[in-house]
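**Q** Take a look at data_17.txt, compact mmCIF, C-alpha atoms and all ligand atoms:
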# COMPACT_ATOMS: atom_id res chain seq x y z
CA MET A 1 0.00 0.00 0.00
CA ALA A 2 1.25 3.50 -0.82
CA PRO A 3 2.43 5.39 2.28
CA ARG A 4 -0.04 7.96 3.56
CA ARG A 5 1.00 11.46 2.70
CA LYS A 6 1.22 14.11 5.33
CA LYS A 7 -1.51 16.70 5.02
CA VAL A 8 -0.03 20.16 5.47
CA TYR A 9 -3.19 22.23 5.09
CA GLU A 10 -6.83 21.78 4.14
CA GLY A 11 -8.81 24.73 2.83
CA LYS A 12 -12.30 25.13 1.39
CA GLY A 13 -11.44 23.95 -2.12
CA LYS A 14 -8.03 22.34 -1.89
CA ILE A 15 -5.72 20.19 0.21
CA LEU A 16 -1.95 20.56 0.37
CA TYR A 17 0.18 17.50 1.03
CA GLU A 18 3.90 17.28 1.57
CA GLY A 19 5.55 16.84 -1.83
CA PRO A 20 7.89 14.06 -2.97
CA GLU A 21 10.93 16.38 -2.94
CA PRO A 22 11.95 19.06 -0.43
CA GLY A 23 10.46 22.45 -1.25
CA THR A 24 7.39 20.99 -2.98
CA PHE A 25 3.74 20.40 -2.15
CA VAL A 26 1.08 18.30 -3.83
CA GLN A 27 -1.98 20.51 -4.39
CA HIS A 28 -5.21 18.47 -4.48
CA PHE A 29 -8.40 20.02 -5.90
CA LYS A 30 -11.63 19.07 -4.12
CA ASP A 31 -15.16 19.17 -5.52
CA ASP A 32 -16.37 21.46 -2.73
CA ALA A 33 -17.69 24.95 -3.42
CA THR A 34 -18.35 27.52 -0.72
CA ALA A 35 -19.86 30.98 -0.85
CA GLY A 36 -20.46 33.78 1.62
CA ASN A 37 -17.22 32.96 3.46
CA GLY A 38 -18.27 29.35 4.00
CA ALA A 39 -21.92 30.05 4.89
CA ARG A 40 -23.02 27.93 1.90
CA HIS A 41 -21.31 24.69 1.02
CA GLU A 42 -22.04 22.21 -1.77
CA VAL A 43 -20.17 19.48 -3.57
CA PHE A 44 -20.10 19.45 -7.38
CA GLU A 45 -18.82 16.21 -8.80
CA GLY A 46 -16.01 16.88 -11.24
CA LYS A 47 -15.30 20.49 -10.23
CA GLY A 48 -11.90 19.58 -8.78
CA VAL A 49 -10.90 17.81 -12.00
CA LEU A 50 -11.92 20.83 -14.06
CA ASN A 51 -10.12 23.32 -11.81
CA ASN A 52 -6.98 21.20 -11.78
CA ARG A 53 -6.90 21.19 -15.60
CA LEU A 54 -7.79 24.87 -15.92
CA SER A 55 -5.30 26.00 -13.29
CA GLU A 56 -2.63 23.87 -15.00
CA PHE A 57 -3.49 25.51 -18.33
CA PHE A 58 -3.27 29.07 -17.00
CA MET A 59 -0.24 28.56 -14.73
CA SER A 60 1.82 26.69 -17.33
CA GLY A 61 0.92 29.36 -19.91
CA LEU A 62 2.15 32.02 -17.50
CA ASN A 63 5.36 30.10 -16.82
CA ALA A 64 5.91 29.81 -20.58
CA ILE A 65 5.76 33.59 -21.11
CA GLY A 66 8.03 34.34 -18.15
CA VAL A 67 5.45 35.17 -15.48
CA PRO A 68 6.64 33.02 -12.58
CA THR A 69 4.18 30.72 -10.79
CA HIS A 70 4.41 27.96 -8.19
CA TYR A 71 3.17 25.35 -10.70
CA ILE A 72 5.66 22.57 -11.57
CA ARG A 73 3.64 19.78 -13.20
CA THR A 74 0.38 17.91 -13.14
CA LEU A 75 0.43 14.58 -11.32
CA ASN A 76 -3.05 13.22 -11.96
CA MET A 77 -6.62 14.35 -12.62
CA ARG A 78 -6.92 16.13 -9.29
CA GLU A 79 -3.38 16.91 -8.25
CA GLN A 80 -0.46 19.05 -9.26
CA LEU A 81 3.07 19.40 -7.96
CA VAL A 82 3.80 22.96 -6.86
CA ARG A 83 6.68 24.83 -5.27
CA GLN A 84 6.45 25.54 -1.60
CA VAL A 85 6.18 29.31 -1.09
CA GLU A 86 5.82 31.75 1.79
CA MET A 87 2.32 33.07 1.21
CA ILE A 88 1.75 36.82 1.28
CA PRO A 89 -1.50 37.13 3.33
CA LEU A 90 -3.34 39.07 0.62
CA GLU A 91 -5.96 38.42 -2.02
CA VAL A 92 -4.91 40.42 -5.04
CA ILE A 93 -7.91 41.38 -7.15
CA VAL A 94 -7.71 42.79 -10.67
CA ARG A 95 -10.83 44.31 -12.21
CA ASN A 96 -11.51 45.24 -15.83
CA TYR A 97 -15.28 45.72 -15.51
CA ALA A 98 -17.37 46.60 -12.46
CA ALA A 99 -18.96 43.60 -10.71
CA GLY A 100 -19.56 42.08 -7.30
CA SER A 101 -18.37 44.01 -4.28
CA MET A 102 -16.98 46.91 -6.33
CA ALA A 103 -20.26 47.45 -8.18
CA GLN A 104 -22.06 47.43 -4.82
CA ARG A 105 -19.61 49.70 -3.05
CA LEU A 106 -19.62 52.34 -5.77
CA GLY A 107 -23.20 51.91 -6.98
CA LEU A 108 -22.00 50.94 -10.45
CA GLU A 109 -23.96 48.78 -12.83
CA GLU A 110 -22.33 45.36 -13.26
CA GLY A 111 -20.47 45.14 -16.56
CA VAL A 112 -19.47 48.81 -16.83
CA GLN A 113 -15.95 48.99 -18.23
CA LEU A 114 -13.45 50.58 -15.86
CA PRO A 115 -11.21 53.42 -17.07
CA ARG A 116 -8.24 51.09 -16.64
CA PRO A 117 -7.52 47.79 -14.89
CA ILE A 118 -7.71 48.33 -11.15
CA VAL A 119 -5.71 46.29 -8.64
CA GLU A 120 -6.96 46.06 -5.06
CA PHE A 121 -5.96 44.09 -1.98
CA CYS A 122 -7.89 42.18 0.64
CA TYR A 123 -6.31 40.95 3.87
CA LYS A 124 -6.64 37.16 3.96
CA ASP A 125 -8.47 36.34 7.16
CA ASP A 126 -11.66 34.25 7.07
CA ARG A 127 -12.75 35.41 10.53
CA LEU A 128 -12.82 38.98 9.24
CA GLY A 129 -14.28 38.06 5.83
CA ASP A 130 -11.13 39.09 3.91
CA PRO A 131 -11.56 42.88 4.25
CA LEU A 132 -10.45 45.31 1.55
CA VAL A 133 -7.32 47.10 2.79
CA PRO A 134 -5.33 50.11 1.57
CA GLU A 135 -1.61 49.76 0.81
CA GLU A 136 -0.90 51.86 3.92
CA TYR A 137 -2.23 49.03 6.14
CA ILE A 138 -0.22 46.41 4.26
CA THR A 139 3.12 48.14 4.74
CA ALA A 140 2.37 49.39 8.29
CA PHE A 141 1.46 45.90 9.54
CA ASN A 142 4.33 44.39 7.57
CA TRP A 143 2.18 42.00 5.53
CA ALA A 144 4.32 43.04 2.54
CA SER A 145 6.87 45.78 1.80
CA GLN A 146 6.34 48.66 -0.64
CA GLN A 147 8.76 46.93 -3.03
CA ASP A 148 6.71 43.72 -2.74
CA LEU A 149 3.54 45.68 -3.51
CA ASP A 150 5.09 47.26 -6.61
CA ASP A 151 6.18 43.79 -7.76
CA ILE A 152 2.76 42.31 -6.96
CA VAL A 153 0.97 44.99 -9.01
CA SER A 154 3.17 44.39 -12.05
CA LEU A 155 2.77 40.60 -11.66
CA ALA A 156 -1.01 40.98 -11.37
CA LEU A 157 -1.21 43.21 -14.46
CA ARG A 158 0.86 40.75 -16.51
CA VAL A 159 -1.49 37.95 -15.40
CA ASN A 160 -4.41 40.18 -16.40
CA ASP A 161 -3.01 40.79 -19.90
CA PHE A 162 -2.37 37.10 -20.43
CA LEU A 163 -5.71 35.89 -19.08
CA SER A 164 -7.74 38.62 -20.82
CA GLY A 165 -6.11 37.74 -24.15
CA VAL A 166 -6.55 33.99 -23.76
CA MET A 167 -10.18 34.35 -22.70
CA HIS A 168 -10.96 36.89 -25.42
CA GLY A 169 -9.65 34.38 -27.95
CA VAL A 170 -12.44 31.98 -26.95
CA GLY A 171 -15.21 34.56 -26.74
CA ILE A 172 -15.09 35.13 -22.98
CA ARG A 173 -14.76 38.45 -21.16
CA LEU A 174 -12.45 38.49 -18.14
CA VAL A 175 -14.43 40.76 -15.81
CA ASP A 176 -12.21 40.35 -12.75
CA PHE A 177 -10.12 37.76 -10.93
CA LYS A 178 -8.23 37.08 -7.73
CA ILE A 179 -4.71 35.73 -7.38
CA GLU A 180 -2.52 34.95 -4.42
CA VAL A 181 1.20 35.55 -4.37
CA GLY A 182 4.01 33.75 -2.60
CA ARG A 183 7.70 34.26 -2.05
CA ILE A 184 10.31 31.71 -3.04
CA TRP A 185 14.02 31.76 -2.39
CA ASP A 186 16.45 30.97 -5.21
CA ASN A 187 20.03 30.95 -3.89
CA ASP A 188 19.14 33.42 -1.14
CA TYR A 189 17.35 35.74 -3.59
CA PRO A 190 13.64 36.28 -2.91
CA ARG A 191 11.21 36.19 -5.83
CA LEU A 192 7.45 36.65 -5.92
CA VAL A 193 5.42 34.09 -7.84
CA VAL A 194 1.74 33.49 -8.57
CA ALA A 195 0.53 30.74 -6.21
CA ASP A 196 -2.73 29.03 -5.19
CA GLU A 197 -4.93 28.52 -8.29
CA ILE A 198 -6.39 30.31 -11.28
CA SER A 199 -9.78 28.85 -12.14
CA PRO A 200 -13.43 29.88 -12.61
CA ASP A 201 -13.67 29.72 -8.80
CA SER A 202 -11.56 32.87 -8.60
CA CYS A 203 -12.46 34.72 -11.83
CA ARG A 204 -15.56 36.33 -13.29
CA LEU A 205 -15.97 35.08 -16.84
CA TRP A 206 -18.83 36.22 -19.07
CA ASP A 207 -19.64 34.99 -22.55
CA ILE A 208 -18.96 37.99 -24.80
CA GLU A 209 -21.99 37.35 -27.06
CA THR A 210 -24.68 36.37 -24.56
CA GLY A 211 -23.35 37.60 -21.20
CA ARG A 212 -23.81 34.09 -19.77
CA LYS A 213 -21.82 33.68 -16.55
CA LEU A 214 -19.24 30.89 -16.69
CA ASP A 215 -17.77 31.18 -13.19
CA LYS A 216 -18.53 30.71 -9.50
CA ASP A 217 -21.30 33.32 -9.61
CA VAL A 218 -23.40 30.49 -11.12
CA PHE A 219 -23.25 28.93 -7.64
CA ARG A 220 -23.26 32.16 -5.60
CA ARG A 221 -26.37 33.39 -7.45
CA ASP A 222 -28.06 30.04 -8.20
CA LEU A 223 -27.90 30.39 -11.96
CA GLY A 224 -27.74 26.72 -12.98
CA SER A 225 -25.12 24.00 -13.18
CA LEU A 226 -21.67 25.00 -11.99
CA THR A 227 -19.93 22.07 -13.66
CA ASP A 228 -21.67 22.82 -16.99
CA ALA A 229 -20.32 26.37 -16.83
CA TYR A 230 -16.76 25.29 -15.94
CA SER A 231 -16.85 22.51 -18.57
CA GLU A 232 -17.80 25.11 -21.17
CA VAL A 233 -14.72 27.18 -20.29
CA ALA A 234 -12.52 24.06 -20.42
CA ARG A 235 -14.07 22.93 -23.69
CA ARG A 236 -13.51 26.30 -25.36
CA LEU A 237 -9.89 26.36 -24.22
CA GLY A 238 -9.45 22.85 -25.59
CA VAL A 239 -8.29 21.38 -22.30
CA LEU A 240 -11.09 18.85 -21.89
CA PRO A 241 -11.80 17.44 -25.30
CA SER A 242 -15.39 16.18 -25.07
CA VAL A 243 -14.95 13.82 -22.11
CA GLY A 244 -17.56 13.85 -19.34
CA THR A 245 -16.00 14.66 -15.98
CA HIS A 246 -18.00 11.87 -14.33
CA ARG A 247 -15.92 9.32 -16.26
CA MET A 248 -12.62 10.74 -15.06
CA LYS A 249 -10.96 8.46 -12.62
CA PRO A 250 -7.60 9.63 -11.25
CA THR A 251 -4.83 8.49 -13.59
CA LEU A 252 -1.18 9.44 -13.75
CA ILE A 253 -0.37 11.95 -16.46
CA ASN A 254 3.32 12.34 -15.69
N1 LIG B 1 -12.72 36.34 -5.22
C1 LIG B 1 -12.18 35.13 -4.83
N2 LIG B 1 -12.15 34.81 -3.50
C2 LIG B 1 -12.66 35.62 -2.54
C3 LIG B 1 -13.23 36.85 -2.95
C4 LIG B 1 -13.24 37.17 -4.28
O1 LIG B 1 -11.70 34.38 -5.66
O2 LIG B 1 -12.59 35.27 -1.34
C5 LIG B 1 -12.75 36.70 -6.66
C6 LIG B 1 -14.16 36.67 -7.22
O3 LIG B 1 -14.43 35.42 -7.81
C7 LIG B 1 -14.08 37.75 -8.28
C8 LIG B 1 -13.04 38.74 -7.75
O4 LIG B 1 -12.30 38.03 -6.78
O5 LIG B 1 -13.60 37.21 -9.50
C9 LIG B 1 -13.66 39.97 -7.12
O6 LIG B 1 -14.59 39.59 -6.14
P1 LIG B 1 -15.45 40.67 -5.33
O7 LIG B 1 -14.54 41.52 -4.52
O8 LIG B 1 -16.34 41.37 -6.28
O9 LIG B 1 -16.22 39.83 -4.25
P2 LIG B 1 -17.55 38.99 -4.31
O10 LIG B 1 -18.56 39.80 -5.05
O11 LIG B 1 -17.15 37.74 -5.02
O12 LIG B 1 -17.84 38.81 -2.86
Please go through the file and, once you have read it, give me the structure as structure tokens.
**A**
Amino acid sequence: MAPRRKKVYEGKGKILYEGPEPGTFVQHFKDDATAGNGARHEVFEGKGVLNNRLSEFFMSGLNAIGVPTHYIRTLNMREQLVRQVEMIPLEVIVRNYAAGSMAQRLGLEEGVQLPRPIVEFCYKDDRLGDPLVPEEYITAFNWASQQDLDDIVSLALRVNDFLSGVMHGVGIRLVDFKIEVGRIWDNDYPRLVVADEISPDSCRLWDIETGRKLDKDVFRRDLGSLTDAYSEVARRLGVLPSVGTHRMKPTLIN
């Protein structure tokens, strides 16, 4: 029997296990979806498989164009090998169009194009509901330095350009998204990399023609089948060629 792996962390949508080599983790995607900071919780069969494939697609694309991420390689249908990083305790949000909390806060109609992409930060703390914080708080409380923040903004804008372009190519508007950033050490030099995941759980994706939502708002707002929406994104990007997720048993890819 395979030895049991040590669980390092379990979150709402993913589990991290100790990796096979030092400095690595195995990131396992679960089928669970939560909304309202965990107030609602449901399980959607196949969501973890879809998010693993989609996150692989986006992260490896970023790596290929020189935007560093924690992604190393995919291990099986639900798991990927990633680099261990020191997480910066921020949710970094990039917005191209008004939606969600920004639309509410400013009284903007959802879908209004913003004058330019806007980057904002939330402090990662579930007990507090991940509050929006100004840069002043971030540097004063030492969550990140001003240099880190400058680097995070340029990283986030490069991710935005890449994702917007890729999604536009398949008829999808990237309304907004969230990334998380971690620090890695290469020969004593610190470097910031995109960590966590990039998937329809953490983006707003609207069909350009019809406005149909293809992201987690389908669950948050009860708009239909979440896995249908995510499968549509995967199908358009060509990462799940016409195979039903229910038939996907874990198999080794690498
Ligand atoms: N987001 C996320 N995790 C969070 C909060 C937000 O991935 O804990 C993503 C969300 O999917 C959207 C973007 O960040 O793509 C902006 O979300 P917003 O601040 O509008 O919050 P929401 O309306 O989702 O509460």
**Q** Can you pull out the residues contacting A:Thr69? Cut-off 8 Å, using only C-alpha atoms, and skip same-chain residues under 3 positions away; I want them as an MDAnalysis selection string.
**A** chainID A and resid 59 62:63 193:195
**Q** Determine the axis-aligned bounding box of all atoms of stretch 70-76 of chain A present in the file, pad each side by 5 Å, and express its centre and edge lengths in Å to one decimal place as JSON.
**A**
{"center_x": 1.3, "center_y": 20.6, "center_z": -10.7, "size_x": 18.7, "size_y": 24.7, "size_z": 15.0}
**Q** Counting only C-alpha atoms and all ligand atoms, give me one row per residue of chain A with an atom at most 6 Å from an atom of ligand LIG 1 (chain B), showing the shortest contact pair and its distance in Å to one decimal, sorted by chain then residue number, as JSON lines.
**A**
{"residue": "A:Ile93", "atom": "CA", "partner": "B:LIG1", "partner_atom": "O4", "distance": 5.5}
{"residue": "A:Ala99", "atom": "CA", "partner": "B:LIG1", "partner_atom": "O8", "distance": 5.6}
{"residue": "A:Gly100", "atom": "CA", "partner": "B:LIG1", "partner_atom": "O10", "distance": 3.4}
{"residue": "A:Ser101", "atom": "CA", "partner": "B:LIG1", "partner_atom": "O8", "distance": 3.9}
{"residue": "A:Met102", "atom": "CA", "partner": "B:LIG1", "partner_atom": "O8", "distance": 5.6}
{"residue": "A:Asp176", "atom": "CA", "partner": "B:LIG1", "partner_atom": "O5", "distance": 4.7}
{"residue": "A:Phe177", "atom": "CA", "partner": "B:LIG1", "partner_atom": "O5", "distance": 3.8}
{"residue": "A:Lys178", "atom": "CA", "partner": "B:LIG1", "partner_atom": "O4", "distance": 4.3}
{"residue": "A:Asp201", "atom": "CA", "partner": "B:LIG1", "partner_atom": "O3", "distance": 5.8}
{"residue": "A:Ser202", "atom": "CA", "partner": "B:LIG1", "partner_atom": "O1", "distance": 3.3}
{"residue": "A:Cys203", "atom": "CA", "partner": "B:LIG1", "partner_atom": "O5", "distance": 3.6}
{"residue": "A:Arg204", "atom": "CA", "partner": "B:LIG1", "partner_atom": "O5", "distance": 4.4}
**Q** Find the residues near stretch 127-144 of chain A: any atom within 9 Å, counting only C-alpha atoms, skip ones fewer than 2 places away on the same chain, and give them as a ChimeraX atom specification.
**A** /A:36-37,88-91,120-125,146-149
**Q** Which residue is closest to A:Pro68? Choose from A:Ala156, A:Val112, A:Val94, A:Ala103 and count all atoms listed in the file.
**A**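 Among the listed residues, A:Ala156 lies closest to A:Pro68.
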**Q** Pick from A:Asp196, A:Gly66, A:Glu232, A:Pro115: nearest to A:Gly182, with all atoms listed in the file counted?
**A**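 Closest to A:Gly182, using all atoms listed in the file: A:Asp196.
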**Q** Using all atoms listed in the file, which of A:Asp151, A:Val85, A:Arg78, A:Val166 sits nearest A:Leu237?
**A**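 Smallest separation from A:Leu237 among the options: A:Val166.
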**Q** Write out as an MDAnalysis selection string each polymer residue whose atoms come within 8 Å of stretch 15-32 of chain A, counting only C-alpha atoms; drop sequence neighbours fewer than 2 positions from it.
**A** chainID A and resid 5:13 34 41:49 51:52 78:84
**Q** Using all atoms listed in the file, which residue out of A:Ile198, A:Leu214, A:Glu56, A:Leu192 lies closest to A:Asp150?
**A** A:Leu192
**Q** Atom CA of A:Glu86 and atom CA of A:Trp185, how far apart in Å?
**A**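 These two atoms are separated by 9.2 Å.
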**Q** From the set A:Ser231, A:Ser225, A:Ser154, A:Asn160, which residue has the shortest atom-to-atom contact distance to A:Asn96, counting only C-alpha atoms?
**A** A:Asn160
